[in-house]
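Source file: run.cif; contents: mmCIF, C-alpha atoms.
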data_input
#
loop_
_atom_site.label_atom_id
_atom_site.label_comp_id
_atom_site.auth_asym_id
_atom_site.auth_seq_id
_atom_site.Cartn_x
_atom_site.Cartn_y
_atom_site.Cartn_z
CA MET L 1 -19.09 6.27 -15.18
CA ALA L 2 -15.65 6.92 -16.54
CA THR L 3 -14.16 3.76 -17.99
CA ASN L 4 -10.98 4.84 -19.72
CA LEU L 5 -8.79 7.59 -21.09
CA GLU L 6 -8.62 8.52 -24.75
CA PHE L 7 -5.53 10.30 -25.91
CA ILE L 8 -6.31 13.64 -27.61
CA LYS L 9 -3.02 15.41 -28.19
CA SER L 10 0.45 16.16 -26.92
CA THR L 11 2.22 19.50 -27.16
CA THR L 12 5.88 20.16 -26.41
CA GLY L 13 7.65 23.48 -26.04
CA THR L 14 11.40 24.05 -25.84
CA SER L 15 12.90 27.34 -24.65
CA VAL L 16 9.51 29.03 -24.55
CA SER L 17 7.92 31.32 -21.98
CA THR L 18 4.39 30.08 -22.65
CA LEU L 19 2.98 26.90 -24.12
CA ASP L 20 -0.41 26.60 -25.81
CA VAL L 21 -2.30 23.36 -26.23
CA THR L 22 -4.79 24.35 -28.91
CA ASP L 23 -8.09 22.74 -29.90
CA CYS L 24 -7.95 20.00 -27.30
CA PHE L 25 -11.52 20.43 -26.03
CA SER L 26 -14.56 19.24 -27.94
CA ALA L 27 -18.13 18.05 -27.56
CA ASP L 28 -16.81 14.48 -27.28
CA TYR L 29 -15.86 14.79 -23.60
CA ASP L 30 -17.07 16.55 -20.46
CA VAL L 31 -14.00 15.68 -18.38
CA TYR L 32 -10.34 15.88 -19.40
CA TYR L 33 -7.23 14.46 -17.77
CA VAL L 34 -4.05 16.44 -18.34
CA SER L 35 -0.64 14.98 -17.53
CA ILE L 36 2.63 16.89 -17.39
CA SER L 37 5.46 14.52 -16.56
CA LYS L 38 8.26 16.03 -18.61
CA ALA L 39 9.44 19.54 -17.77
CA ASP L 40 12.69 21.31 -16.92
CA PHE L 41 13.15 24.86 -15.68
CA THR L 42 16.08 27.08 -14.84
CA GLY L 43 14.32 29.37 -12.36
CA ASN L 44 12.52 28.95 -9.07
CA ALA L 45 8.88 29.63 -9.78
CA TYR L 46 5.35 28.32 -9.72
CA THR L 47 3.55 26.92 -12.72
CA GLY L 48 0.26 28.47 -13.83
CA MET L 49 -2.31 28.24 -16.56
CA ARG L 50 -4.95 30.11 -18.48
CA PHE L 51 -7.53 28.89 -20.96
CA LEU L 52 -7.97 29.65 -24.65
CA ASP L 53 -11.40 30.86 -25.73
CA SER L 54 -13.32 29.34 -28.62
CA GLY L 55 -11.33 31.44 -31.06
CA GLY L 56 -7.99 30.41 -29.63
CA THR L 57 -7.31 33.69 -27.83
CA VAL L 58 -5.71 33.57 -24.40
CA ILE L 59 -8.18 34.56 -21.67
CA ASN L 60 -6.31 36.92 -19.33
CA GLN L 61 -9.27 38.72 -17.80
CA LEU L 62 -9.78 38.62 -14.03
CA GLU L 63 -11.99 35.54 -14.24
CA TYR L 64 -10.05 32.95 -12.29
CA ASP L 65 -10.41 31.87 -8.62
CA TYR L 66 -8.22 29.30 -6.91
CA ALA L 67 -7.28 27.74 -3.59
CA THR L 68 -4.35 25.47 -2.87
CA LEU L 69 -2.53 23.76 -0.05
CA ASN L 70 1.24 23.75 -0.45
CA MET L 71 2.69 20.78 1.38
CA ASN L 72 6.37 20.17 1.95
CA SER L 73 8.30 17.51 3.74
CA SER L 74 10.05 19.61 6.40
CA THR L 75 8.13 22.76 7.35
CA SER L 76 4.55 23.84 7.97
CA PHE L 77 2.12 23.74 5.11
CA THR L 78 0.80 26.95 3.60
CA GLU L 79 -2.53 27.93 2.10
CA LEU L 80 -2.71 30.16 -0.95
CA LYS L 81 -5.93 31.43 -2.46
CA GLY L 82 -7.28 34.21 -4.60
CA THR L 83 -10.30 35.49 -6.44
CA SER L 84 -10.54 37.53 -9.64
CA GLN L 85 -7.11 36.46 -10.81
CA SER L 86 -5.81 36.86 -14.35
CA TYR L 87 -4.73 33.21 -14.38
CA LEU L 88 -4.68 30.06 -12.24
CA PRO L 89 -1.40 30.54 -10.36
CA ASN L 90 0.75 28.89 -7.73
CA PHE L 91 0.99 25.17 -8.34
CA ALA L 92 3.95 22.84 -8.85
CA LEU L 93 6.69 25.05 -7.43
CA THR L 94 9.87 24.05 -9.23
CA GLN L 95 13.49 24.79 -8.57
CA THR L 96 16.53 24.72 -10.75
CA GLY L 97 17.47 21.28 -11.90
CA SER L 98 16.54 18.69 -14.44
CA GLU L 99 15.63 15.95 -12.03
CA ASP L 100 13.38 17.85 -9.65
CA PHE L 101 10.13 18.07 -11.58
CA GLY L 102 7.85 15.25 -10.54
CA GLY L 103 4.57 15.61 -12.32
CA ILE L 104 1.23 17.34 -12.51
CA SER L 105 -2.06 15.51 -12.93
CA PHE L 106 -5.16 17.58 -13.32
CA TYR L 107 -8.76 17.15 -14.30
CA ILE L 108 -10.74 19.80 -16.17
CA PHE L 109 -14.52 19.77 -16.03
CA ASN L 110 -16.93 21.18 -18.65
CA PRO L 111 -14.52 23.37 -20.66
CA TYR L 112 -16.50 22.97 -23.86
CA ASP L 113 -19.90 23.68 -22.30
CA SER L 114 -20.79 27.28 -23.09
CA SER L 115 -23.36 27.34 -20.30
CA SER L 116 -21.00 26.28 -17.52
CA TYR L 117 -18.00 27.58 -15.64
CA THR L 118 -14.86 25.45 -16.07
CA PHE L 119 -13.42 23.75 -13.01
CA VAL L 120 -10.00 22.27 -12.31
CA THR L 121 -8.67 19.90 -9.67
CA LEU L 122 -4.96 19.25 -9.56
CA GLN L 123 -2.22 17.49 -7.66
CA ALA L 124 1.53 17.90 -8.19
CA SER L 125 4.91 16.89 -6.79
CA THR L 126 8.25 18.64 -7.16
CA TYR L 127 11.57 18.74 -5.27
CA GLY L 128 14.33 21.23 -4.65
CA GLY L 129 15.27 24.42 -2.84
CA ALA L 130 18.34 25.62 -0.96
CA THR L 131 17.74 22.82 1.51
CA PRO L 132 16.23 20.32 -0.88
CA LYS L 133 12.84 19.01 0.07
CA LEU L 134 9.61 17.75 -1.39
CA TYR L 135 6.89 20.17 -2.46
CA GLY L 136 3.34 18.98 -3.05
CA SER L 137 0.30 20.84 -4.32
CA LYS L 138 -3.38 20.06 -3.87
CA TYR L 139 -5.35 22.57 -5.88
CA ILE L 140 -8.78 23.67 -7.04
CA GLY L 141 -9.50 26.34 -9.59
CA VAL L 142 -12.37 27.77 -11.55
CA HIS L 143 -12.72 29.93 -14.64
CA LYS L 144 -15.79 31.97 -13.72
CA SER L 145 -17.18 32.71 -17.13
CA ALA L 146 -19.75 30.53 -18.85
CA GLU L 147 -18.16 30.15 -22.25
CA GLN L 148 -16.81 27.53 -24.59
CA LEU L 149 -13.07 27.00 -24.28
CA SER L 150 -10.76 25.44 -26.84
CA GLY L 151 -7.41 24.93 -25.13
CA ILE L 152 -4.82 25.50 -22.42
CA HIS L 153 -2.13 28.15 -22.03
CA MET L 154 0.70 27.20 -19.65
CA ILE L 155 2.84 29.90 -18.02
CA ARG L 156 5.37 30.43 -15.23
CA SER L 157 4.98 32.85 -12.36
CA ASP L 158 8.35 34.45 -13.11
CA VAL L 159 7.56 34.66 -16.83
CA ALA L 160 10.81 32.77 -17.28
CA THR L 161 11.67 30.39 -20.03
CA MET L 162 10.60 26.80 -19.81
CA ASP L 163 13.57 24.76 -20.92
CA ASN L 164 11.07 22.20 -22.04
CA MET L 165 7.57 21.09 -21.17
CA THR L 166 5.26 18.45 -22.60
CA VAL L 167 1.53 18.60 -21.96
CA ASN L 168 -0.60 15.55 -22.72
CA VAL L 169 -4.40 15.82 -22.87
CA TYR L 170 -6.82 12.90 -22.60
CA GLY L 171 -10.58 12.66 -22.73
CA VAL L 172 -12.18 10.73 -19.89
CA LYS L 173 -14.75 8.28 -21.25
CA MET J 1 8.18 5.08 -39.22
CA ALA J 2 8.21 5.69 -42.97
CA ASN J 3 5.10 4.53 -44.79
CA SER J 4 3.25 4.88 -48.06
CA GLY J 5 0.29 6.59 -46.44
CA ILE J 6 -1.66 3.38 -46.03
CA PHE J 7 -1.12 1.50 -42.80
CA SER J 8 -0.92 -2.26 -42.93
CA VAL J 9 -1.90 -4.33 -39.93
CA ASN J 10 1.77 -4.88 -39.20
CA ASP J 11 2.43 -1.13 -39.46
CA ILE J 12 -0.34 -0.43 -36.96
CA ASN J 13 0.89 -3.09 -34.58
CA ASP J 14 4.42 -1.71 -34.76
CA LEU J 15 3.18 1.83 -34.18
CA ILE J 16 1.02 0.74 -31.25
CA ASN J 17 3.99 -1.04 -29.72
CA ASN J 18 5.99 2.18 -30.05
CA GLN J 19 3.16 4.29 -28.62
CA GLN J 20 2.79 6.16 -31.91
CA TYR J 21 -0.72 5.06 -32.89
CA PRO J 22 -3.70 5.99 -30.73
CA LYS J 23 -6.44 3.53 -29.98
CA ILE J 24 -9.36 3.41 -27.63
CA GLY J 25 -8.19 3.10 -24.07
CA GLU J 26 -4.97 4.76 -23.03
CA LEU J 27 -5.28 3.62 -19.42
CA GLN J 28 -3.45 0.34 -19.84
CA HIS J 29 -4.00 -2.29 -17.19
CA ILE J 30 -0.70 -3.85 -16.10
CA GLN J 31 -1.57 -6.03 -13.14
CA THR J 32 -4.07 -6.55 -10.33
CA GLN J 33 -3.12 -8.31 -7.12
CA THR J 34 -5.06 -9.05 -3.97
CA PHE J 35 -3.78 -8.62 -0.47
CA SER J 36 -4.98 -11.49 1.62
CA GLU J 37 -3.37 -11.94 4.98
CA VAL J 38 0.04 -10.86 3.76
CA TYR J 39 2.05 -7.88 4.91
CA ASN J 40 3.34 -6.81 1.54
CA LEU J 41 3.32 -7.68 -2.12
CA ASN J 42 5.44 -6.71 -5.09
CA PHE J 43 4.73 -5.40 -8.55
CA MET J 44 7.81 -6.41 -10.52
CA GLU J 45 6.59 -6.09 -14.11
CA ILE J 46 5.64 -2.42 -14.11
CA GLN J 47 6.69 -1.74 -17.72
CA GLU J 48 8.55 1.39 -16.70
CA GLU J 49 10.19 1.56 -20.12
CA TYR J 50 6.80 2.32 -21.70
CA TYR J 51 5.12 4.67 -19.26
CA ASP J 52 6.20 7.96 -17.69
CA VAL J 53 3.08 7.99 -15.54
CA HIS J 54 1.63 5.03 -13.64
CA PHE J 55 -1.73 4.96 -11.90
CA MET J 56 -2.52 2.64 -8.98
CA THR J 57 -5.90 2.02 -7.36
CA PHE J 58 -6.70 0.52 -3.97
CA ASN J 59 -10.13 -1.04 -3.76
CA ARG J 60 -12.19 -2.96 -1.22
CA VAL J 61 -9.72 -2.07 1.53
CA ASN J 62 -10.90 -3.68 4.71
CA GLY J 63 -9.74 -5.94 7.46
CA TYR J 64 -7.97 -4.50 10.45
CA SER J 65 -7.91 -1.17 12.14
CA ALA J 66 -4.92 1.06 11.56
CA ILE J 67 -3.76 -0.49 8.32
CA ASN J 68 -0.84 1.64 7.19
CA SER J 69 -0.38 1.27 3.49
CA GLY J 70 2.98 2.31 2.15
CA ILE J 71 5.29 2.07 -0.84
CA GLN J 72 8.92 1.20 -1.39
CA PHE J 73 10.62 1.20 -4.78
CA TYR J 74 12.97 -1.30 -6.40
CA GLU J 75 15.89 0.41 -8.15
CA ASP J 76 17.37 -1.86 -10.78
CA GLY J 77 15.95 -4.79 -8.89
CA VAL J 78 17.21 -3.74 -5.46
CA LEU J 79 14.64 -2.72 -2.87
CA GLU J 80 15.38 0.71 -1.38
CA THR J 81 14.75 0.37 2.35
CA ALA J 82 16.85 3.24 3.73
CA ASN J 83 15.44 6.39 5.27
CA VAL J 84 15.60 8.30 1.99
CA TYR J 85 11.94 8.79 1.08
CA GLN J 86 10.21 12.12 1.65
CA ASP J 87 6.48 12.70 1.86
CA ALA J 88 4.00 15.37 2.87
CA SER J 89 0.30 14.83 3.33
CA GLN J 90 -2.78 16.51 4.73
CA TYR J 91 -5.43 14.54 6.56
CA GLY J 92 -8.85 15.39 7.89
CA THR J 93 -12.09 13.92 9.17
CA THR J 94 -15.74 14.74 8.88
CA GLY J 95 -15.60 15.15 12.65
CA GLY J 96 -13.41 18.22 12.20
CA SER J 97 -9.93 16.97 12.96
CA PHE J 98 -7.27 18.08 10.50
CA GLY J 99 -3.52 17.79 10.49
CA GLU J 100 -0.27 17.55 8.61
CA SER J 101 2.09 14.63 8.21
CA LYS J 102 5.55 15.07 6.77
CA SER J 103 9.04 13.63 6.82
CA THR J 104 12.33 14.00 4.99
CA ALA J 105 13.61 10.62 6.10
CA ARG J 106 11.13 7.79 5.90
CA ASN J 107 11.97 4.22 4.95
CA ARG J 108 8.81 4.12 2.80
CA ILE J 109 6.24 6.44 1.31
CA TYR J 110 3.39 6.66 3.76
CA LEU J 111 0.14 6.56 1.76
CA HIS J 112 -2.83 6.14 4.07
CA ASN J 113 -3.97 4.55 7.28
CA TYR J 114 -7.05 2.52 6.50
CA GLY J 115 -9.58 1.19 8.97
CA ASN J 116 -11.97 -1.69 9.30
CA GLN J 117 -15.37 -0.04 9.33
CA GLN J 118 -16.29 -0.32 5.65
CA PRO J 119 -14.47 -1.33 2.46
CA THR J 120 -12.93 1.83 1.02
CA GLY J 121 -10.17 2.82 -1.36
CA GLY J 122 -7.68 5.24 -2.78
CA TYR J 123 -5.34 5.93 -5.65
CA ALA J 124 -1.81 7.05 -6.45
CA TYR J 125 0.02 8.42 -9.46
CA PHE J 126 3.71 7.69 -10.01
CA TYR J 127 5.98 9.78 -12.21
CA ASN J 128 9.29 9.12 -13.98
CA LEU J 129 9.86 5.64 -12.55
CA GLY J 130 11.74 4.44 -15.61
CA ASP J 131 13.81 7.58 -16.19
CA ASN J 132 17.23 7.19 -14.56
CA THR J 133 17.90 10.93 -14.93
CA LYS J 134 14.88 11.86 -12.81
CA TYR J 135 13.76 11.42 -9.24
CA SER J 136 10.67 9.25 -8.75
CA PHE J 137 7.57 11.08 -7.53
CA SER J 138 4.07 10.24 -6.41
CA THR J 139 0.79 11.97 -5.64
CA PHE J 140 -1.94 10.09 -3.78
CA GLN J 141 -5.30 10.25 -2.03
CA GLY J 142 -7.30 7.85 0.12
CA ILE J 143 -10.40 7.68 2.27
CA HIS J 144 -11.72 5.40 4.98
CA LEU J 145 -14.13 5.42 7.88
CA ASP J 146 -12.17 6.20 11.01
CA SER J 147 -15.14 5.27 13.14
CA PRO J 148 -18.77 4.42 12.30
CA GLN J 149 -19.39 8.16 12.12
CA ASP J 150 -16.27 9.79 10.75
CA ALA J 151 -14.83 9.61 7.27
CA PHE J 152 -11.08 10.20 7.10
CA PHE J 153 -9.18 11.46 4.06
CA ARG J 154 -5.51 11.85 3.30
CA PHE J 155 -3.85 13.32 0.23
CA GLY J 156 -0.25 14.14 -0.41
CA SER J 157 2.94 13.94 -2.40
CA ALA J 158 6.12 11.92 -2.11
CA VAL J 159 9.53 11.54 -3.68
CA LEU J 160 12.45 9.17 -3.79
CA PRO J 161 15.11 11.83 -4.40
CA GLN J 162 17.50 9.58 -6.24
CA ALA J 163 17.97 9.62 -10.01
CA SER J 164 17.50 5.95 -10.77
CA THR J 165 15.46 3.44 -12.72
CA VAL J 166 12.60 2.19 -10.57
CA ASP J 167 11.57 -1.19 -11.95
CA GLY J 168 9.40 -2.51 -9.15
CA ILE J 169 7.02 -1.40 -6.42
CA ARG J 170 6.55 -2.98 -3.00
CA LEU J 171 3.25 -2.18 -1.38
CA PHE J 172 2.67 -2.58 2.33
CA GLY J 173 -0.85 -3.31 3.48
CA GLY J 174 -0.47 -4.54 7.00
CA ILE J 175 -0.36 -3.13 10.45
CA TYR J 176 2.82 -1.11 10.67
CA GLY J 177 5.72 -3.18 11.93
CA SER J 178 3.79 -6.41 12.07
CA ASN J 179 3.07 -9.29 9.74
CA ILE J 180 -0.70 -9.00 10.04
CA GLY J 181 -2.10 -8.32 6.61
CA ALA J 182 -5.18 -6.69 5.22
CA ASP J 183 -7.55 -7.80 2.48
CA PHE J 184 -7.86 -5.61 -0.60
CA ASP J 185 -7.26 -5.32 -4.32
CA VAL J 186 -4.49 -3.27 -5.89
CA SER J 187 -4.43 -2.51 -9.60
CA LEU J 188 -1.56 -0.93 -11.54
CA TYR J 189 -2.05 0.88 -14.84
CA GLY J 190 0.21 2.67 -17.27
CA ILE J 191 -0.94 5.85 -18.94
CA ARG J 192 0.02 5.72 -22.61
CA TYR J 193 1.62 8.72 -24.27
CA SER J 194 2.27 10.19 -20.85
#
Just give me the structure as structure tokens.
Amino acid sequence: MATNLEFIKSTTGTSVSTLDVTDCFSADYDVYYVSISKADFTGNAYTGMRFLDSGGTVINQLEYDYATLNMNSSTSFTELKGTSQSYLPNFALTQTGSEDFGGISFYIFNPYDSSSYTFVTLQASTYGGATPKLYGSKYIGVHKSAEQLSGIHMIRSDVATMDNMTVNVYGVK
Amino acid sequence: MANSGIFSVNDINDLINNQQYPKIGELQHIQTQTFSEVYNLNFMEIQEEYYDVHFMTFNRVNGYSAINSGIQFYEDGVLETANVYQDASQYGTTGGSFGESKSTARNRIYLHNYGNQQPTGGYAYFYNLGDNTKYSFSTFQGIHLDSPQDAFFRFGSAVLPQASTVDGIRLFGGIYGSNIGADFDVSLYGIRYS
């Protein structure tokens, strides 16, 4: 039974198009909690992620499946899903503005286990748009390759610059 | 903090107080309160200056049918009660009923409607409460038995779209619009280094 969080590392990027959190997975934990509460963007785009393999290389093969429900406060919800993707896309839609990024909390399961796929559950909140409204994401994802992973690679769907982003990784004990 | 490379006890204590020295247990318990026949209760010492992310759990929720738990925020000590909150949530049951709930003008964040069949629970994350340059956000999920047969879940997101310092949380645990309260435990945690 999980009893607490243990801080592993924090990585911040400023004016970058990608952000790597290296060597954050180990044999010490099976489950990881990742928190992103500080981020600003200048473009309207989704956030996405890939994993780093055991050598620190970004995995961009078509090995990712995902499904998400996009919820907003004024119009019908939408489902997005995909198989054999080159990354885990389409969560935490952000708009232009420094105050509109709420936060992303996700859990990663078994990333260091070379005999297991790696699974992700995620929830996020953001705000904005031409007619400003709340956007929420409920998300599942899987990296469908049984291999040992070492870290996280954050990206944006428009390949635009992240003004800043801080990713904090914890082990769940 | 400048140091000689060897931390004294005082150095470590100072670093811990400034969230610059890791130690076992980054899920820091702030406060636990129990609803017992009250309609709402307040968390007024949320330590928003230390944590960017707060985590709240709801446990042993039981009592009355149709308990609508909800949240309002205190901004600089003043409770925000206007229709300014926005939320969006998905609900569903094991019986096959699913639906959406959403609003751009609620007077509180609508978390979950609990029942009285079995003690159940839920959780919520809060973001940026202490940052007066940011809006205050939440994500949440809950479950209860809607009837002896059907489990009912709800998950969603919410925002108070006002750049302000949120320094308190009011939690509603009663039947909506009444003073009949429920009976459950609520715990608030801060996530260090968040």
Out of J:Ser147, J:Thr57, J:Asn42, J:Gln28, which residue has the shortest atom-to-atom distance to Thr93 (chain J) when counting all atoms listed in the file?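 Selected residue with least distance to Thr93 (chain J): J:Ser147.
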Selection dump of the PyMOL selection byres ((chain L) within 9 of (chain J)), as an MDAnalysis selection string: chainID L and resid 3:8 10 35:38 69 71:77 98:105 123:127 133:138 166:170 173
Point-to-point distance in Å for CA of Ile109 (chain J) and CA of Leu79 (chain J): 13.1 Å
Kindly resolve the PyMOL selection byres ((chain J and resi 60) around 6) on the present coordinates and return the residues as a list in words. Asn59, Val61, Pro119, Thr120 and Phe184 of chain J
Return as a count of residues only the set of residues that the PyMOL selection byres ((chain L and resi 140-142) around 7) yields on the displayed structure. 15
Interatomic distance, CA of Asp30 (chain L) to CA of Asn110 (chain L) (Å, one decimal):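 Going from CA of Asp30 (chain L) over to CA of Asn110 (chain L) covers 5.0 Å.
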Long-range neighbours of Ser116 (chain L) as number ranges by chain, 8 Å cut-off, only C-alpha atoms, 6 positions minimum in chain: L: 110, 145-147
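Distance-wise, CA of Asn60 (chain L) and CA of Ser86 (chain L) end up 5.0 Å apart.
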Excluding Met165 (chain L) and any residue of its chain fewer than 3 positions from it, enumerate the residues within 8 Å of it, using only C-alpha atoms, and give them as a list in words. Thr12, Gly13, Thr14, Leu19, Ile36, Lys38, Ala39, Asp40 and Met162 of chain L
For a quick check of your reading of the model, name the residues lying within 12 Å of the coordinate (-1.6, 32.4, -32.2), counting all atoms listed in the file, and write them as an MDAnalysis selection string. chainID L and resid 18:23 52:53 55:58 151 153
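Between Gln149 (chain J) and the candidates J:Gly122, J:Gly77, J:Gly96, J:Gly70, the tightest atom-to-atom separation, counting all atoms listed in the file, involves J:Gly96.
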